[in-house]
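Below is the file coords.cif, which contains mmCIF, C-alpha atoms.
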```
data_my_file
#
loop_
_atom_site.group_PDB
_atom_site.id
_atom_site.type_symbol
_atom_site.label_atom_id
_atom_site.label_comp_id
_atom_site.auth_asym_id
_atom_site.auth_seq_id
_atom_site.Cartn_x
_atom_site.Cartn_y
_atom_site.Cartn_z
ATOM 1 C CA MET A 59 0.000 0.000 0.000
ATOM 2 C CA GLY A 60 1.109 3.544 -0.699
ATOM 3 C CA CYS A 61 3.087 2.768 -3.849
ATOM 4 C CA ASN A 62 2.666 4.296 -7.292
ATOM 5 C CA ILE A 63 0.243 2.634 -9.738
ATOM 6 C CA GLY A 64 -1.271 3.534 -13.099
ATOM 7 C CA ARG A 65 -3.263 2.322 -16.064
ATOM 8 C CA LEU A 66 -1.438 0.122 -18.592
ATOM 9 C CA THR A 67 -4.199 -0.431 -21.159
ATOM 10 C CA PRO A 68 -4.268 2.466 -23.693
ATOM 11 C CA GLU A 69 -7.163 4.906 -23.380
ATOM 12 C CA TYR A 70 -8.505 7.290 -26.047
ATOM 13 C CA ASP A 71 -10.658 10.410 -25.916
ATOM 14 C CA THR A 72 -13.872 10.870 -27.910
ATOM 15 C CA GLN A 73 -11.848 12.125 -30.914
ATOM 16 C CA GLY A 74 -9.676 9.005 -30.926
ATOM 17 C CA ASN A 75 -6.597 10.684 -29.473
ATOM 18 C CA LEU A 76 -4.401 8.593 -27.191
ATOM 19 C CA LEU A 77 -4.558 9.883 -23.622
ATOM 20 C CA GLN A 78 -1.587 10.061 -21.316
ATOM 21 C CA ASN A 79 -1.965 7.549 -18.513
ATOM 22 C CA LEU A 80 -1.946 9.063 -15.043
ATOM 23 C CA GLY A 81 -0.218 7.878 -11.893
ATOM 24 C CA GLY A 82 -1.931 7.416 -8.549
ATOM 25 C CA THR A 83 -1.547 5.531 -5.294
ATOM 26 C CA GLN A 84 -2.377 1.983 -4.295
ATOM 27 C CA GLY A 85 -4.855 2.192 -1.434
ATOM 28 C CA PRO A 86 -5.994 -0.434 1.082
ATOM 29 C CA PHE A 87 -6.219 -4.109 0.200
ATOM 30 C CA VAL A 88 -9.736 -5.430 -0.324
ATOM 31 C CA GLU A 89 -11.321 -8.902 -0.519
ATOM 32 C CA PHE A 90 -14.239 -9.738 -2.829
ATOM 33 C CA ASN A 91 -15.649 -12.905 -4.428
ATOM 34 C CA ASN A 92 -12.726 -14.980 -3.070
ATOM 35 C CA LYS A 93 -10.327 -12.556 -4.776
ATOM 36 C CA ILE A 94 -7.925 -9.989 -3.395
ATOM 37 C CA GLY A 95 -7.128 -6.585 -4.778
ATOM 38 C CA PHE A 96 -6.814 -2.969 -3.734
ATOM 39 C CA PHE A 97 -8.632 0.349 -3.894
ATOM 40 C CA THR A 98 -7.532 3.419 -5.779
ATOM 41 C CA CYS A 99 -9.404 6.330 -7.382
ATOM 42 C CA ALA A 100 -11.470 5.805 -10.521
ATOM 43 C CA HIS A 101 -10.175 9.112 -11.904
ATOM 44 C CA VAL A 102 -6.628 7.666 -11.884
ATOM 45 C CA LEU A 103 -7.620 4.839 -14.246
ATOM 46 C CA PHE A 104 -10.466 6.375 -16.291
ATOM 47 C CA ASP A 105 -10.965 9.574 -18.244
ATOM 48 C CA ILE A 106 -14.073 11.109 -16.665
ATOM 49 C CA PRO A 107 -16.478 12.101 -19.477
ATOM 50 C CA MET A 108 -17.762 15.652 -19.078
ATOM 51 C CA THR A 109 -21.020 14.684 -20.793
ATOM 52 C CA THR A 110 -22.068 12.273 -18.044
ATOM 53 C CA GLN A 111 -19.504 13.059 -15.302
ATOM 54 C CA SER A 112 -19.746 9.456 -14.169
ATOM 55 C CA VAL A 113 -18.160 6.025 -14.556
ATOM 56 C CA ASP A 114 -19.804 2.695 -13.739
ATOM 57 C CA PHE A 115 -17.505 -0.125 -14.820
ATOM 58 C CA GLN A 116 -17.844 -3.842 -14.105
ATOM 59 C CA HIS A 117 -15.387 -6.385 -15.496
ATOM 60 C CA HIS A 118 -17.232 -9.175 -17.315
ATOM 61 C CA GLY A 119 -14.312 -10.730 -19.168
ATOM 62 C CA ASN A 120 -14.720 -8.824 -22.417
ATOM 63 C CA THR A 121 -12.919 -5.565 -21.644
ATOM 64 C CA LYS A 122 -9.791 -5.854 -19.507
ATOM 65 C CA ILE A 123 -8.222 -2.663 -18.181
ATOM 66 C CA GLU A 124 -4.781 -3.597 -16.906
ATOM 67 C CA VAL A 125 -2.966 -1.795 -14.108
ATOM 68 C CA VAL A 126 0.783 -1.569 -13.588
ATOM 69 C CA GLN A 127 2.934 -0.869 -10.526
ATOM 70 C CA PRO A 128 4.712 1.460 -10.758
ATOM 71 C CA SER A 129 2.945 3.462 -13.467
ATOM 72 C CA ILE A 130 4.396 3.496 -16.958
ATOM 73 C CA ASP A 131 5.617 7.096 -16.575
ATOM 74 C CA ALA A 132 7.885 6.006 -13.706
ATOM 75 C CA THR A 133 11.546 5.409 -14.532
ATOM 76 C CA THR A 134 11.461 1.995 -12.807
ATOM 77 C CA SER A 135 8.345 0.634 -14.530
ATOM 78 C CA ASN A 136 8.709 -2.745 -16.260
ATOM 79 C CA GLY A 137 5.371 -2.424 -18.064
ATOM 80 C CA VAL A 138 4.054 -5.729 -16.677
ATOM 81 C CA ALA A 139 0.517 -5.688 -15.278
ATOM 82 C CA CYS A 140 -0.035 -6.443 -11.610
ATOM 83 C CA GLY A 141 -3.792 -6.701 -12.061
ATOM 84 C CA HIS A 142 -6.866 -5.332 -13.795
ATOM 85 C CA VAL A 143 -9.850 -3.184 -12.899
ATOM 86 C CA PHE A 144 -12.697 -5.319 -11.558
ATOM 87 C CA ARG A 145 -15.085 -2.525 -10.573
ATOM 88 C CA ALA A 146 -15.071 1.258 -10.739
ATOM 89 C CA ILE A 147 -17.516 3.951 -9.653
ATOM 90 C CA PHE A 148 -17.206 7.680 -10.208
ATOM 91 C CA ASN A 149 -20.494 9.203 -9.126
ATOM 92 C CA PRO A 150 -20.615 12.704 -7.632
ATOM 93 C CA GLN A 151 -24.414 12.425 -7.280
ATOM 94 C CA LEU A 152 -24.179 9.824 -4.532
ATOM 95 C CA ASP A 153 -24.179 11.044 -0.935
ATOM 96 C CA PRO A 154 -21.297 11.053 -0.121
ATOM 97 C CA SER A 155 -19.841 11.317 -3.645
ATOM 98 C CA ILE A 156 -17.802 8.280 -4.700
ATOM 99 C CA ASP A 157 -14.549 8.010 -6.692
ATOM 100 C CA VAL A 158 -13.214 4.440 -6.370
ATOM 101 C CA ALA A 159 -11.743 1.651 -8.471
ATOM 102 C CA VAL A 160 -11.171 -1.931 -7.340
ATOM 103 C CA VAL A 161 -8.113 -3.568 -8.899
ATOM 104 C CA GLU A 162 -7.964 -7.372 -8.792
ATOM 105 C CA LEU A 163 -4.406 -8.627 -8.320
ATOM 106 C CA THR A 164 -3.551 -11.183 -11.012
ATOM 107 C CA ASP A 165 0.242 -11.359 -10.570
ATOM 108 C CA LEU A 166 0.677 -14.035 -7.883
ATOM 109 C CA ASN A 167 3.988 -12.455 -6.861
ATOM 110 C CA ARG A 168 2.067 -9.330 -5.812
ATOM 111 C CA VAL A 169 -0.528 -11.056 -3.611
ATOM 112 C CA PRO A 170 0.129 -9.715 -0.092
ATOM 113 C CA ARG A 171 0.787 -11.829 3.000
ATOM 114 C CA LYS A 172 0.837 -8.817 5.305
ATOM 115 C CA GLY A 173 -0.663 -5.365 5.314
ATOM 116 C CA GLN A 174 2.615 -3.663 4.515
ATOM 117 C CA PHE A 175 3.302 -0.219 3.094
ATOM 118 C CA SER A 176 5.801 0.682 0.417
ATOM 119 C CA ASN A 177 9.248 1.647 1.654
ATOM 120 C CA ALA A 178 8.979 5.160 3.016
ATOM 121 C CA ASN A 179 11.660 7.645 3.909
ATOM 122 C CA ARG A 180 12.411 7.208 7.587
ATOM 123 C CA SER A 181 12.097 10.942 8.106
ATOM 124 C CA SER A 182 8.523 10.831 6.790
ATOM 125 C CA TYR A 183 7.178 8.245 9.178
ATOM 126 C CA THR A 184 9.131 9.576 12.156
ATOM 127 C CA ASP A 185 7.871 13.112 11.427
ATOM 128 C CA ALA A 186 4.364 11.614 11.320
ATOM 129 C CA GLY A 187 4.900 10.159 14.802
ATOM 130 C CA PHE A 188 5.840 6.528 14.089
ATOM 131 C CA ASP A 189 8.957 4.918 15.569
ATOM 132 C CA GLU A 190 8.936 2.385 12.720
ATOM 133 C CA LEU A 191 6.954 1.891 9.543
ATOM 134 C CA PRO A 192 3.687 0.280 10.710
ATOM 135 C CA GLU A 193 1.617 -2.515 9.199
ATOM 136 C CA TYR A 194 -2.140 -2.601 8.734
ATOM 137 C CA ASN A 195 -3.147 -6.230 9.232
ATOM 138 C CA SER A 196 -6.405 -6.050 11.164
ATOM 139 C CA GLY A 197 -8.700 -4.701 8.434
ATOM 140 C CA SER A 198 -10.247 -2.502 11.143
ATOM 141 C CA ILE A 199 -12.340 0.423 9.905
ATOM 142 C CA GLN A 200 -13.582 3.410 11.868
ATOM 143 C CA ILE A 201 -17.045 4.618 10.922
ATOM 144 C CA ASP A 202 -18.210 6.666 13.911
ATOM 145 C CA LEU A 203 -15.800 9.564 14.417
ATOM 146 C CA LYS A 204 -17.777 11.424 17.066
ATOM 147 C CA HIS A 205 -16.160 10.063 20.203
ATOM 148 C CA PHE A 206 -12.504 10.950 19.782
ATOM 149 C CA CYS A 207 -10.454 13.827 21.088
ATOM 150 C CA THR A 208 -11.085 17.040 19.168
ATOM 151 C CA THR A 209 -7.731 16.935 17.386
ATOM 152 C CA HIS A 210 -8.723 13.854 15.356
ATOM 153 C CA THR A 211 -5.149 13.123 14.194
ATOM 154 C CA VAL A 212 -4.992 11.026 11.017
ATOM 155 C CA PHE A 213 -2.253 9.593 8.785
ATOM 156 C CA LYS A 214 -1.961 9.049 5.041
ATOM 157 C CA PHE A 215 0.354 6.790 3.002
ATOM 158 C CA GLY A 216 0.772 8.217 -0.510
ATOM 159 C CA SER A 217 3.132 7.661 -3.411
ATOM 160 C CA SER A 218 3.972 11.374 -3.804
ATOM 161 C CA SER A 219 4.044 12.844 -0.302
ATOM 162 C CA ASP A 220 4.871 9.593 1.532
ATOM 163 C CA VAL A 221 3.651 9.331 5.144
ATOM 164 C CA THR A 222 1.925 12.491 6.341
ATOM 165 C CA ARG A 223 0.016 13.536 9.446
ATOM 166 C CA GLY A 224 -3.032 15.761 9.567
ATOM 167 C CA THR A 225 -6.165 16.694 11.470
ATOM 168 C CA LEU A 226 -9.813 16.264 10.576
ATOM 169 C CA ASP A 227 -11.927 19.396 10.443
ATOM 170 C CA VAL A 228 -14.377 19.189 13.354
ATOM 171 C CA CYS A 229 -17.256 21.174 14.794
ATOM 172 C CA GLY A 230 -17.512 20.355 18.484
ATOM 173 C CA VAL A 231 -17.175 16.579 18.600
ATOM 174 C CA ASP A 232 -18.537 16.011 15.098
ATOM 175 C CA VAL A 233 -16.486 15.722 11.940
ATOM 176 C CA ARG A 234 -17.586 18.535 9.674
ATOM 177 C CA PRO A 235 -18.788 17.276 6.253
ATOM 178 C CA MET A 236 -17.084 18.977 3.343
ATOM 179 C CA THR A 237 -18.585 19.727 -0.063
ATOM 180 C CA THR A 238 -16.100 21.135 -2.559
ATOM 181 C CA THR A 239 -15.370 21.465 -6.253
ATOM 182 C CA LEU A 240 -12.413 19.436 -7.520
ATOM 183 C CA GLY A 241 -10.650 19.752 -10.849
ATOM 184 C CA LEU A 242 -10.752 16.673 -13.043
ATOM 185 C CA PRO A 243 -7.473 15.209 -14.343
ATOM 186 C CA ARG A 244 -6.021 16.647 -17.547
ATOM 187 C CA GLY A 245 -7.847 19.930 -16.850
ATOM 188 C CA THR A 246 -11.071 18.797 -18.526
ATOM 189 C CA GLY A 247 -13.381 20.456 -16.025
ATOM 190 C CA LYS A 248 -14.501 20.677 -12.423
ATOM 191 C CA ILE A 249 -16.966 18.636 -10.446
ATOM 192 C CA GLN A 250 -18.581 18.961 -7.028
ATOM 193 C CA MET A 251 -17.930 16.203 -4.499
ATOM 194 C CA ILE A 252 -20.296 16.217 -1.533
ATOM 195 C CA ASN A 253 -20.024 15.197 2.128
ATOM 196 C CA GLN A 254 -16.356 14.268 2.249
ATOM 197 C CA TYR A 255 -13.870 14.583 5.120
ATOM 198 C CA GLN A 256 -11.545 17.598 5.171
ATOM 199 C CA VAL A 257 -7.991 16.976 6.428
ATOM 200 C CA CYS A 258 -5.395 19.700 6.979
ATOM 201 C CA GLY A 259 -1.709 18.882 7.265
ATOM 202 C CA SER A 260 0.131 19.029 10.573
ATOM 203 C CA ALA A 261 3.685 20.203 11.328
ATOM 204 C CA PRO A 262 6.392 19.817 10.220
ATOM 205 C CA SER A 263 5.393 19.515 6.537
ATOM 206 C CA MET A 264 1.842 21.030 6.743
ATOM 207 C CA THR A 265 1.142 19.400 3.365
ATOM 208 C CA PHE A 266 -1.060 16.318 3.685
ATOM 209 C CA PHE A 267 -1.725 15.576 -0.017
ATOM 210 C CA LEU A 268 0.096 16.072 -3.332
ATOM 211 C CA ASN A 269 -0.742 15.204 -6.939
ATOM 212 C CA GLY A 270 -0.218 11.471 -7.338
ATOM 213 C CA ASP A 271 -1.560 10.671 -3.855
ATOM 214 C CA SER A 272 -5.066 9.939 -5.174
ATOM 215 C CA GLY A 273 -6.177 6.599 -3.746
ATOM 216 C CA SER A 274 -4.130 6.886 -0.542
ATOM 217 C CA ALA A 275 -5.471 5.135 2.540
ATOM 218 C CA VAL A 276 -6.146 7.431 5.503
ATOM 219 C CA PHE A 277 -6.038 6.081 9.069
ATOM 220 C CA MET A 278 -6.520 6.880 12.714
ATOM 221 C CA ARG A 279 -4.520 4.921 15.253
ATOM 222 C CA THR A 280 -5.066 3.773 18.798
ATOM 223 C CA PRO A 281 -3.233 6.266 21.081
ATOM 224 C CA GLY A 282 0.195 5.065 22.185
ATOM 225 C CA THR A 283 0.280 2.211 19.678
ATOM 226 C CA ASN A 284 0.688 1.569 15.942
ATOM 227 C CA VAL A 285 -2.738 -0.134 15.716
ATOM 228 C CA MET A 286 -4.478 1.619 12.836
ATOM 229 C CA HIS A 287 -8.105 1.975 11.798
ATOM 230 C CA LEU A 288 -8.998 2.891 8.217
ATOM 231 C CA ILE A 289 -11.287 5.935 7.951
ATOM 232 C CA GLY A 290 -11.239 6.698 4.229
ATOM 233 C CA MET A 291 -9.410 7.281 0.965
ATOM 234 C CA ALA A 292 -7.904 10.573 -0.234
ATOM 235 C CA ILE A 293 -9.215 11.661 -3.649
ATOM 236 C CA GLY A 294 -7.863 15.198 -4.098
ATOM 237 C CA CYS A 295 -7.198 18.526 -2.408
ATOM 238 C CA THR A 296 -8.640 22.022 -2.242
ATOM 239 C CA TYR A 297 -7.813 25.381 -0.678
ATOM 240 C CA VAL A 298 -10.017 26.437 2.231
ATOM 241 C CA GLY A 299 -10.230 30.005 3.503
ATOM 242 C CA THR A 300 -6.884 31.737 3.936
ATOM 243 C CA ASN A 301 -4.894 28.574 4.710
ATOM 244 C CA PRO A 302 -1.879 28.621 2.334
ATOM 245 C CA PHE A 303 -1.707 24.808 2.424
ATOM 246 C CA PRO A 304 -4.296 22.705 0.560
ATOM 247 C CA ALA A 305 -6.736 20.556 2.521
ATOM 248 C CA ALA A 306 -7.113 16.932 1.468
ATOM 249 C CA VAL A 307 -10.523 15.648 0.410
ATOM 250 C CA VAL A 308 -11.139 12.180 1.866
ATOM 251 C CA THR A 309 -14.084 9.886 1.123
ATOM 252 C CA PRO A 310 -15.392 8.000 4.203
ATOM 253 C CA ILE A 311 -14.604 4.286 3.987
ATOM 254 C CA ASN A 312 -18.135 3.253 4.956
ATOM 255 C CA ALA A 313 -19.510 5.247 2.009
ATOM 256 C CA ILE A 314 -17.124 3.482 -0.386
ATOM 257 C CA LEU A 315 -18.028 0.021 0.907
ATOM 258 C CA ARG A 316 -21.741 0.850 0.844
ATOM 259 C CA ALA A 317 -21.524 1.964 -2.803
ATOM 260 C CA LEU A 318 -19.670 -1.211 -3.829
ATOM 261 C CA GLY A 319 -22.020 -3.564 -2.005
ATOM 262 C CA PRO A 320 -21.820 -6.397 0.561
ATOM 263 C CA HIS A 321 -19.369 -8.584 -1.375
ATOM 264 C CA TYR A 322 -16.496 -6.172 -0.656
ATOM 265 C CA CYS A 323 -14.603 -5.888 2.631
ATOM 266 C CA ILE A 324 -11.229 -4.555 3.737
ATOM 267 C CA ALA A 325 -8.638 -7.352 3.751
ATOM 268 C CA SER A 326 -7.109 -8.621 6.977
ATOM 269 C CA PHE A 327 -3.992 -10.704 7.478
ATOM 270 C CA PRO A 328 -3.109 -13.216 10.241
#
```

Please express the file's structure as structure tokens.
Amino acid sequence: MGCNIGRLTPEYDTQGNLLQNLGGTQGPFVEFNNKIGFFTCAHVLFDIPMTTQSVDFQHHGNTKIEVVQPSIDATTSNGVACGHVFRAIFNPQLDPSIDVAVVELTDLNRVPRKGQFSNANRSSYTDAGFDELPEYNSGSIQIDLKHFCTTHTVFKFGSSSDVTRGTLDVCGVDVRPMTTTLGLPRGTGKIQMINQYQVCGSAPSMTFFLNGDSGSAVFMRTPGTNVMHLIGMAIGCTYVGTNPFPAAVVTPINAILRALGPHYCIASFP
């Protein structure tokens, strides 16, 4: 988790022009239909059509959209697929709005045995408050965020900004829902995403999200331990008020799982 991924299968616009494949981040591992894969953002792997502003993709064996790790624009890419898109939803009309793709792992060498993260710079995870790079093996998710301390410290593992620490925007003891307009990839337009989490970066970096972090898993952790609980997936960033640093836009994990349906659950490892 946290490493760079991208689309391998060529994609074309409505005029037949080849589109440049984008890079994103491998999010949390997921289990479905006796398969294992991972989450990332649909906008990383699909060109979002401005006519419909939505994607609803289900793999049925006819159209295979392959995914590579790292993405083909990375200098270390070998161009060999690690998996393919099994399901994807980009639907800003849902409440909360959803931007998710499920990638089924087909390369047996990539099937995880532990909930490990990609190698991070030691300074990144120590600055974020970890003594060592943690693992996420439990599959624990946190849905109700009302009964935590008001700081609501969270952590993200992204391919661009590495491990970062931030705080959820709160009002009293409630997490404040955020509705904001995000720019689509390739500058093709803007779209409103409703009822997301807003996360602002904490010192020392103050930057929680960078381009290429789309799909990053976002966690809380049990105080005094490295036991982590997944709260959502980062899909983009926006500027709020006079804050010179962008706030990350994070989709709640329960909303993602609800949109995908009961056959999907976050993977756990013994």

Report the distance between atom CA of Phe266 of chain A and atom CA of Gly197 of chain A in Å, rounded to one decimal place. 22.9 Å

Determine the residue membership of the PyMOL selection byres ((chain A and resi 102-104) around 7) for the file above and supply it as a ChimeraX atom specification. /A:64-65,80-82,99-101,105-106

Identify all residues satisfying the PyMOL selection byres ((chain A and resi 240) around 12) in the given file; provide them as a ChimeraX atom specification. /A:101,150,155,157,236-239,241-243,245-252,254,293-297,304-308

Going by the chain IDs and residue numbers used in this file, which residues fall under the PyMOL selection byres ((chain A and resi 62) around 12)? Write them as a PyMOL selection string. chain A and resi 59-61+63-65+80-85+98+102+125-135+140+175-177+215-220+269-274

Excluding same-chain residues fewer than 6 positions from Asn301 of chain A, what lies within 12 Å of it counting only C-alpha atoms, as a list in words?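 Listing them by chain and then by number gives Cys258, Gly259, Met264 and Thr265 of chain A.
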
Might you pull out every residue within 7 Å of Leu288 of chain A, with only C-alpha atoms counted and same-chain residues fewer than 3 positions away left off, and present them as a PyMOL selection string? chain A and resi 198-200+276-278

Could those residues be written to a file, using C-alpha atoms, as a compact mmCIF listing (two decimals), in the coordinates of the input?
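Result file again-v8.txt:
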```txt
# COMPACT_ATOMS: atom_id res chain seq x y z
CA SER A 198 -10.25 -2.50 11.14
CA ILE A 199 -12.34 0.42 9.90
CA GLN A 200 -13.58 3.41 11.87
CA VAL A 276 -6.15 7.43 5.50
CA PHE A 277 -6.04 6.08 9.07
CA MET A 278 -6.52 6.88 12.71
```
